[in-house]
Amino acid sequence: RFKMPFLDRSKLAKNPVSIKLFGIMSSKQTTLCLAADLTDSTKILNLAEQVGPYICALKTHIDIVEDFHPNLIQPLKDIAKRHNFVLFEDRKFADIGNTVEMQYSKGIYQISSWASLVTAHSLTGKGVLDAIKGAPGNEERGVFLLAETSAAGSLINDTYTKATLKLTADYPDLVSGIVCQNPLFSDSPGLIQLTPGVKLESKGDNLGQQYNTPDYVVIEKGADIAVVGRGITEAADPVTAAKLYRDVLWKAYEKRIEN
Ligand code: UP6
C-alpha cells in the first residue's frame, strides 16, 4: 500500500493519462470512478453531469447502451472536459492483437476516438498492448490491465497475476495501472491501483460479485481508485451517494498516507 501522496507518484508515472489522473485526483480530492452501467444514453449523460464534480473517471460499458448512437460521444466528452474527469471504457479486450486493434478503433463505438482509458486482459499476451498502442485514435491513451478480478470463483491464479505485472513492466508508457484487489506492485508507485467491487454495504449480488467497503479497499488493500457502480446508480439519490463515496474514499486515502 502506497503512503506516498498522489502528486509525488505522478512524477514517477510514465503514462500521460496516469499523470493526468493523479493530477485530477489531487486537485478534485476524489478517487471515485463511477461505473455508469446504465443502458439509456440520456440517463448516462444526466448522471455524468450530476456526479461530475465528485469523480475522477467515468467508466462505461458502451456496448450495453440500448439506444447507442455516435451522437452520445460529443456531449459525454464535453461533460468530462467541463467537470475534469477521464472517460474510461471497460472493454476488457482479450483477443489477438489484430482483432483488438479493430475492436478498439472501428465499429460503431470507435472507442479509441473518445476513451482515454480502456481495460484489457493480459490473457493473450503482448499483442493486446501492441494493438492498443498502435491503433489510430486519440493521442492520449492508457490501459488498465486486469491482474485479478472481484468475481467469486475467478480462474485467475497467482502465476497469471505475476505474469501480468511482468507484462506491465514492458509497457511503461502505455499502462496506466492495474485492476486488482490487492496491493501487488509496491515497486512501481507510478502505476495506479484500480479496485472494483466496492460498496458501503458489502454484500455481493447473486452473480458472484464480491464487495468490500471503501475503508477496507483503500486502507487495507491499497486501492488508489475505487470503482463504484450499483452503490451509486441504485441508490435512492445517486448524487448524494456519489458525494458520500467520494468523501469516505478520500478520508481513507488521507488516513493511509498519514500512517
Ligand atoms: N468490474 C468488476 N470486477 C472486476 C473488474 N471489473 O466489478 O474484477 C467492473 C464491472 C462493473 C463494475 O464490469 O462495471 O466494475 C462494478 O460494478 P458494481 O459496483 O455495480 O458491482
# chains A, B, ... in the order shown; residues from 1 in each chain; ligands from 1
>>> residues_around(residues="segment 168-176 of chain A", least_positions_apart="3", cutoff="6 Å", atoms="only C-alpha atoms", output="PDB file with N, CA and C atoms, in the first residue's frame")
ATOM      1  N   LYS A  14       4.733   7.235 -16.053  1.00  0.00           N
ATOM      2  CA  LYS A  14       5.244   7.419 -17.417  1.00  0.00           C
ATOM      3  C   LYS A  14       4.116   7.568 -18.426  1.00  0.00           C
ATOM      4  N   ASN A  15       2.938   7.090 -18.061  1.00  0.00           N
ATOM      5  CA  ASN A  15       1.812   7.170 -18.992  1.00  0.00           C
ATOM      6  C   ASN A  15       1.088   8.515 -18.817  1.00  0.00           C
ATOM      7  N   SER A  18      -2.153   8.479 -16.757  1.00  0.00           N
ATOM      8  CA  SER A  18      -1.999   8.331 -15.297  1.00  0.00           C
ATOM      9  C   SER A  18      -1.510   9.628 -14.671  1.00  0.00           C
ATOM     10  N   GLY A 142      -4.390   5.248 -22.265  1.00  0.00           N
ATOM     11  CA  GLY A 142      -3.799   4.449 -21.204  1.00  0.00           C
ATOM     12  C   GLY A 142      -4.596   3.170 -21.030  1.00  0.00           C
ATOM     13  N   VAL A 143      -3.915   2.140 -20.570  1.00  0.00           N
ATOM     14  CA  VAL A 143      -4.557   0.840 -20.385  1.00  0.00           C
ATOM     15  C   VAL A 143      -4.468   0.425 -18.922  1.00  0.00           C
ATOM     16  N   PHE A 144      -5.572  -0.081 -18.403  1.00  0.00           N
ATOM     17  CA  PHE A 144      -5.549  -0.760 -17.117  1.00  0.00           C
ATOM     18  C   PHE A 144      -5.630  -2.253 -17.390  1.00  0.00           C
ATOM     19  N   LEU A 165       1.859  -8.595 -14.182  1.00  0.00           N
ATOM     20  CA  LEU A 165       2.703  -7.497 -13.700  1.00  0.00           C
ATOM     21  C   LEU A 165       3.995  -7.420 -14.499  1.00  0.00           C
ATOM     22  N   LEU A 191       2.366   3.530 -11.095  1.00  0.00           N
ATOM     23  CA  LEU A 191       1.160   2.844 -11.567  1.00  0.00           C
ATOM     24  C   LEU A 191      -0.002   3.100 -10.598  1.00  0.00           C
TER      25      LEU A 191
END
>>> select_by_dssp(residues="segment 114-256 of chain A", states="strand (DSSP E or B)", output="list in words")
Leu117, Val118, Thr119, Ala120, His121, Gly142, Val143, Phe144, Leu145, Leu146, Ala151, Val175, Ser176, Gly177, Ile178, Val179, Ile192, Gln193, Leu194, Thr195, Val198, Gln209, Asn212, Ile225, Ala226, Val227 and Val228 of chain A
>>> residues_near_ligand(ligand="ligand 1", cutoff="7 Å", atoms="only C-alpha atoms and all ligand atoms", output="PyMOL selection string")
chain A and resi 35+37+61+90+148-151+179-180+196-199+209+227-231
>>> closest_residue(among="A:Ser186, A:Thr31, A:Ser26, A:Asn138", to="Lys3 of chain A", atoms="only C-alpha atoms")
A:Ser186
>>> atom_distance(atom1="atom CA of Thr99 of chain A", atom2="atom CA of Ile62 of chain A")
17.9 Å
>>> closest_atom_pairs(of="segment 145-199 of chain A", to="segment 9-12 of chain A", cutoff="10 Å", atoms="only C-alpha atoms", output="JSON lines")
{"residue": "A:Ser188", "atom": "CA", "partner": "A:Leu12", "partner_atom": "CA", "distance": 8.3}
{"residue": "A:Pro189", "atom": "CA", "partner": "A:Arg9", "partner_atom": "CA", "distance": 5.7}
{"residue": "A:Gly190", "atom": "CA", "partner": "A:Leu12", "partner_atom": "CA", "distance": 4.7}
{"residue": "A:Leu191", "atom": "CA", "partner": "A:Arg9", "partner_atom": "CA", "distance": 8.2}
{"residue": "A:Ile192", "atom": "CA", "partner": "A:Arg9", "partner_atom": "CA", "distance": 9.1}
>>> closest_residue(among="A:Ile111, A:Leu123, A:Ile24, A:Pro53", to="Leu155 of chain A", atoms="only C-alpha atoms")
A:Leu123
>>> closest_residue(among="A:Lys126, A:Lys81, A:His69, A:Lys255", to="Gln110 of chain A", atoms="only C-alpha atoms")
A:His69
>>> residues_around(residues="Glu89 of chain A", least_positions_apart="2", cutoff="6 Å", atoms="only C-alpha atoms", output="ChimeraX atom specification")
/A:59-60,91,115,118
>>> atom_distance(atom1="atom CA of Tyr216 of chain A", atom2="atom CA of Leu32 of chain A")
14.6 Å
>>> residues_around(residues="Gly97 of chain A", least_positions_apart="3", cutoff="8 Å", atoms="only C-alpha atoms", output="PyMOL selection string")
chain A and resi 100-101+127-131
>>> write_last_selection(atoms="N, CA and C atoms", output="PDB file, in the first residue's frame")
ATOM      1  N   VAL A 100      -8.177  -7.007 -31.620  1.00  0.00           N
ATOM      2  CA  VAL A 100      -8.270  -5.936 -30.625  1.00  0.00           C
ATOM      3  C   VAL A 100      -8.106  -4.569 -31.289  1.00  0.00           C
ATOM      4  N   GLU A 101      -7.190  -4.480 -32.237  1.00  0.00           N
ATOM      5  CA  GLU A 101      -6.982  -3.195 -32.912  1.00  0.00           C
ATOM      6  C   GLU A 101      -8.286  -2.718 -33.556  1.00  0.00           C
ATOM      7  N   GLY A 127       0.372  -8.915 -27.594  1.00  0.00           N
ATOM      8  CA  GLY A 127      -0.324  -8.461 -28.791  1.00  0.00           C
ATOM      9  C   GLY A 127      -1.429  -7.452 -28.494  1.00  0.00           C
ATOM     10  N   VAL A 128      -2.110  -7.647 -27.390  1.00  0.00           N
ATOM     11  CA  VAL A 128      -3.194  -6.737 -26.998  1.00  0.00           C
ATOM     12  C   VAL A 128      -2.640  -5.332 -26.794  1.00  0.00           C
ATOM     13  N   LEU A 129      -1.526  -5.262 -26.088  1.00  0.00           N
ATOM     14  CA  LEU A 129      -0.949  -3.955 -25.786  1.00  0.00           C
ATOM     15  C   LEU A 129      -0.349  -3.314 -27.035  1.00  0.00           C
ATOM     16  N   ASP A 130       0.296  -4.119 -27.873  1.00  0.00           N
ATOM     17  CA  ASP A 130       0.839  -3.575 -29.131  1.00  0.00           C
ATOM     18  C   ASP A 130      -0.290  -3.016 -29.988  1.00  0.00           C
ATOM     19  N   ALA A 131      -1.423  -3.720 -29.999  1.00  0.00           N
ATOM     20  CA  ALA A 131      -2.564  -3.284 -30.813  1.00  0.00           C
ATOM     21  C   ALA A 131      -3.111  -1.949 -30.312  1.00  0.00           C
TER      22      ALA A 131
END
>>> select_by_dssp(residues="segment 8-186 of chain A", states="alpha helix (DSSP H)", output="ChimeraX atom specification")
/A:8-10,16-28,41-51,73-83,97-105,126-134,158-169
>>> residues_around(residues="Arg82 of chain A", least_positions_apart="3", cutoff="12 Å", atoms="only C-alpha atoms", output="mmCIF file with C-alpha atoms, in the first residue's frame")
data_model
loop_
_atom_site.group_PDB
_atom_site.id
_atom_site.type_symbol
_atom_site.label_atom_id
_atom_site.label_comp_id
_atom_site.auth_asym_id
_atom_site.auth_seq_id
_atom_site.Cartn_x
_atom_site.Cartn_y
_atom_site.Cartn_z
ATOM 1 C CA ALA A 48 -22.359 12.173 -15.648
ATOM 2 C CA GLU A 49 -23.404 15.821 -15.443
ATOM 3 C CA GLN A 50 -24.683 15.499 -11.881
ATOM 4 C CA VAL A 51 -21.840 13.476 -10.350
ATOM 5 C CA GLY A 52 -19.116 15.061 -12.492
ATOM 6 C CA PRO A 53 -17.756 17.194 -9.625
ATOM 7 C CA PRO A 75 -21.812 15.542 -25.127
ATOM 8 C CA LEU A 76 -20.100 12.943 -22.963
ATOM 9 C CA LYS A 77 -16.717 14.386 -23.900
ATOM 10 C CA ASP A 78 -17.989 17.906 -23.175
ATOM 11 C CA ILE A 79 -19.197 16.908 -19.708
ATOM 12 C CA PHE A 85 -12.731 13.720 -15.338
ATOM 13 C CA VAL A 86 -11.481 10.984 -17.650
#
>>> residues_around(residues="Val17 of chain A", least_positions_apart="3", cutoff="8 Å", atoms="only C-alpha atoms", output="number ranges by chain")
A: 20-21, 116-117, 140-142, 176
>>> closest_residue(among="A:Pro238, A:Ser112, A:Gly107, A:Phe2", to="Ile44 of chain A", atoms="only C-alpha atoms")
A:Pro238
>>> closest_residue(among="A:Met4, A:Val65, A:Ala57, A:Ile96", to="Asp40 of chain A", atoms="only C-alpha atoms")
A:Val65
>>> atom_distance(atom1="atom CA of Val248 of chain A", atom2="atom CA of Ile225 of chain A")
12.4 Å
